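Pasted below: coords.pdb, PDB, C-alpha atoms.
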ATOM      1  CA  MET M  61       0.000   0.000   0.000
ATOM      2  CA  VAL M  62       1.397   3.383  -1.022
ATOM      3  CA  LYS M  63       0.752   6.417   1.163
ATOM      4  CA  THR M  64       0.371   9.763  -0.536
ATOM      5  CA  PHE M  65       1.151  12.737   1.677
ATOM      6  CA  ARG M  66       0.234  16.322   0.924
ATOM      7  CA  ALA M  67       3.700  17.220   2.165
ATOM      8  CA  TYR M  68       6.689  14.925   2.427
ATOM      9  CA  LEU M  69       9.248  16.034   5.001
ATOM     10  CA  ASP M  70      12.664  15.386   3.578
ATOM     11  CA  ALA M  71      15.311  13.854   5.816
ATOM     12  CA  GLN M  72      17.701  16.540   4.537
ATOM     13  CA  SER M  73      16.812  18.826   7.451
ATOM     14  CA  PRO M  74      19.701  19.649   9.835
ATOM     15  CA  THR M  75      18.729  16.935  12.323
ATOM     16  CA  GLY M  76      16.989  14.588   9.898
ATOM     17  CA  ARG M  77      14.326  13.964  12.556
ATOM     18  CA  ARG M  78      10.625  14.248  11.919
ATOM     19  CA  TYR M  79       7.429  13.492  13.826
ATOM     20  CA  SER M  80       4.713  11.261  12.360
ATOM     21  CA  CYS M  81       1.089  10.299  12.990
ATOM     22  CA  VAL M  82       1.024   7.492  15.548
ATOM     23  CA  HIS M  83      -1.828   5.794  13.630
ATOM     24  CA  CYS M  84      -0.650   5.860   9.993
ATOM     25  CA  ARG M  85       2.914   7.307  10.088
ATOM     26  CA  ALA M  86       2.056  10.310   7.895
ATOM     27  CA  HIS M  87       4.678  13.032   8.291
ATOM     28  CA  LEU M  88       3.579  15.846  10.617
ATOM     29  CA  ALA M  89       6.508  18.036  11.637
ATOM     30  CA  ARG M  90      10.263  18.504  11.468
ATOM     31  CA  HIS M  91      12.280  18.523  14.664
ATOM     32  CA  GLU M  92      13.204  22.141  13.905
ATOM     33  CA  ASP M  93       9.498  23.117  14.256
ATOM     34  CA  LEU M  94       9.325  21.846  17.849
ATOM     35  CA  ILE M  95       8.820  24.711  20.314
ATOM     36  CA  SER M  96       8.555  22.766  23.568
ATOM     37  CA  LYS M  97       8.702  19.181  24.831
ATOM     38  CA  SER M  98       7.603  20.210  28.323
ATOM     39  CA  PHE M  99       4.085  21.330  27.430
ATOM     40  CA  GLN M 100       1.306  19.955  29.639
ATOM     41  CA  GLY M 101      -1.947  18.949  27.941
ATOM     42  CA  SER M 102      -5.165  17.894  29.650
ATOM     43  CA  GLN M 103      -4.261  14.216  29.159
ATOM     44  CA  GLY M 104      -0.609  14.598  30.171
ATOM     45  CA  LYS M 105       2.636  15.469  28.421
ATOM     46  CA  ALA M 106       2.411  17.022  24.966
ATOM     47  CA  TYR M 107       4.657  18.667  22.389
ATOM     48  CA  LEU M 108       4.114  22.211  21.144
ATOM     49  CA  PHE M 109       4.969  22.814  17.485
ATOM     50  CA  ARG M 110       5.386  25.989  15.452
ATOM     51  CA  THR M 111       3.935  24.348  12.350
ATOM     52  CA  VAL M 112       2.717  20.946  11.171
ATOM     53  CA  VAL M 113       1.766  19.495   7.781
ATOM     54  CA  ASN M 114      -0.683  16.865   6.547
ATOM     55  CA  VAL M 115      -3.404  17.940   8.985
ATOM     56  CA  SER M 116      -6.857  19.431   8.640
ATOM     57  CA  VAL M 117      -8.212  22.002  11.079
ATOM     58  CA  GLY M 118     -11.666  21.627  12.609
ATOM     59  CA  PRO M 119     -14.068  24.345  13.753
ATOM     60  CA  VAL M 120     -12.972  26.822  16.422
ATOM     61  CA  GLU M 121     -14.487  26.349  19.876
ATOM     62  CA  GLU M 122     -13.877  27.713  23.344
ATOM     63  CA  ARG M 123     -12.435  25.173  25.789
ATOM     64  CA  THR M 124     -11.349  25.336  29.380
ATOM     65  CA  LEU M 125      -7.763  24.125  29.467
ATOM     66  CA  LEU M 126      -5.312  23.948  32.372
ATOM     67  CA  THR M 127      -4.398  27.623  31.876
ATOM     68  CA  GLY M 128      -7.952  28.926  31.472
ATOM     69  CA  LYS M 129     -10.383  29.411  28.609
ATOM     70  CA  HIS M 130      -8.932  29.376  25.110
ATOM     71  CA  HIS M 131     -10.240  29.348  21.561
ATOM     72  CA  VAL M 132      -8.885  26.197  19.927
ATOM     73  CA  ALA M 133      -9.534  23.979  16.927
ATOM     74  CA  ASP M 134      -8.898  20.232  16.730
ATOM     75  CA  ILE M 135      -6.346  19.086  14.179
ATOM     76  CA  SER M 136      -6.741  15.741  12.411
ATOM     77  CA  CYS M 137      -4.442  13.676  10.241
ATOM     78  CA  CYS M 138      -5.277  14.143   6.549
ATOM     79  CA  ASN M 139      -4.392  10.526   5.836
ATOM     80  CA  CYS M 140      -6.331   8.594   8.520
ATOM     81  CA  GLN M 141      -8.628  11.392   9.841
ATOM     82  CA  LYS M 142      -7.766  10.656  13.509
ATOM     83  CA  VAL M 143      -7.777  13.661  15.852
ATOM     84  CA  LEU M 144      -4.160  14.298  16.837
ATOM     85  CA  GLY M 145      -4.317  17.410  18.991
ATOM     86  CA  TRP M 146      -5.424  21.011  18.838
ATOM     87  CA  LYS M 147      -4.378  24.403  17.546
ATOM     88  CA  TYR M 148      -4.520  27.561  19.638
ATOM     89  CA  VAL M 149      -6.505  30.240  17.878
ATOM     90  CA  SER M 150      -6.415  32.825  20.664
ATOM     91  CA  GLY M 151      -6.488  33.217  24.424
ATOM     92  CA  ARG M 152      -9.224  34.911  26.379
ATOM     93  CA  GLU M 153      -6.912  37.584  27.761
ATOM     94  CA  ARG M 154      -4.338  39.493  25.723
ATOM     95  CA  HIS M 155      -1.411  38.154  27.801
ATOM     96  CA  GLU M 156      -2.609  34.573  27.159
ATOM     97  CA  LEU M 157      -2.441  34.823  23.373
ATOM     98  CA  GLU M 158      -0.411  32.029  21.837
ATOM     99  CA  PRO M 159       1.133  32.290  18.381
ATOM    100  CA  SER M 160      -1.637  31.476  15.904
ATOM    101  CA  ALA M 161       0.427  28.620  14.499
ATOM    102  CA  ALA M 162       1.137  26.935  17.862
ATOM    103  CA  LEU M 163      -0.102  23.357  17.659
ATOM    104  CA  VAL M 164      -0.288  20.850  20.507
ATOM    105  CA  LEU M 165       0.209  17.140  19.902
ATOM    106  CA  PRO M 166      -0.323  15.031  23.056
ATOM    107  CA  LEU M 167       2.001  12.049  23.447
ATOM    108  CA  CYS M 168       0.253   8.713  23.194
TER     109      CYS M 168
END
Let's see the structure in the file written out as structure tokens.
Amino acid sequence: MVKTFRAYLDAQSPTGRRYSCVHCRAHLARHEDLISKSFQGSQGKAYLFRTVVNVSVGPVEERTLLTGKHHVADISCCNCQKVLGWKYVSGRERHELEPSAALVLPLC
């Protein structure tokens, strides 16, 4: 079976490391796009990325997270359609605003 990705992350990056969907192994992010490994999601440890590929973004909704209320959208794998994490759209208070491209992928 051949997988077709919207974006293929080349191993030519400085570290050669990339992160993939745990369900289907579709490429998601380069190691260079990792902002933090010490992010805490509602289900435990998670990684915060600057950008990811091969995902679709769901509708924006307000959720109460560990740090308060935030506007977020679920992100799903384009290949297998499994929900992988969420994307911050904005915080409730100005000082809580995350970069609009900050994406959270909980560790499974």
Who sits within 12 Å of Arg77 in chain M, all atoms listed in the file, same chain under 6 positions skipped, as a ChimeraX atom specification:
/M:69-71,87-94
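Interatomic distance, CA of Leu126 in chain M to CA of Ala86 in chain M: 29.0 Å.
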Which of these, M:Val82, M:Leu165, M:Trp146, M:Tyr68, has the shortest distance to Ser116 in chain M once you count all atoms listed in the file?
M:Trp146
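Put simply, CA of Lys105 in chain M is 21.5 Å away from CA of Val117 in chain M.
CA of Ala67 in chain M is positioned 28.9 Å from CA of Ser102 in chain M.
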Can you list, as a list in words, the residues that the PyMOL selection byres ((chain M and resi 110) around 8) selects here?
Asp93, Leu94, Ile95, Leu108, Phe109, Thr111, Val112, Ala161, Ala162 and Leu163 of chain M
Which of these, M:Cys138, M:Ala106, M:Ala133, M:Leu167, has the shortest distance to Gly118 in chain M once you count all atoms listed in the file?
M:Ala133
Translate the PyMOL selection byres ((chain M and resi 144) around 8), as applied to the file shown, into an explicit residue set as an MDAnalysis selection string.
chainID M and resid 81 134:137 142:143 145:146 165:166
Might I get the box with edges along x, y and z of the file that holds all atoms of range 82-92 of chain M listed there, padded by 4 Å on every side, given as centre and edge lengths in Å to one decimal, as JSON?
{"center_x": 5.7, "center_y": 14.0, "center_z": 11.7, "size_x": 23.0, "size_y": 24.3, "size_z": 15.7}
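Shortest atom-to-atom contact with Val132 in chain M among M:Asn114, M:Tyr107, M:Ser98, M:Val164: M:Val164, counting only C-alpha atoms.
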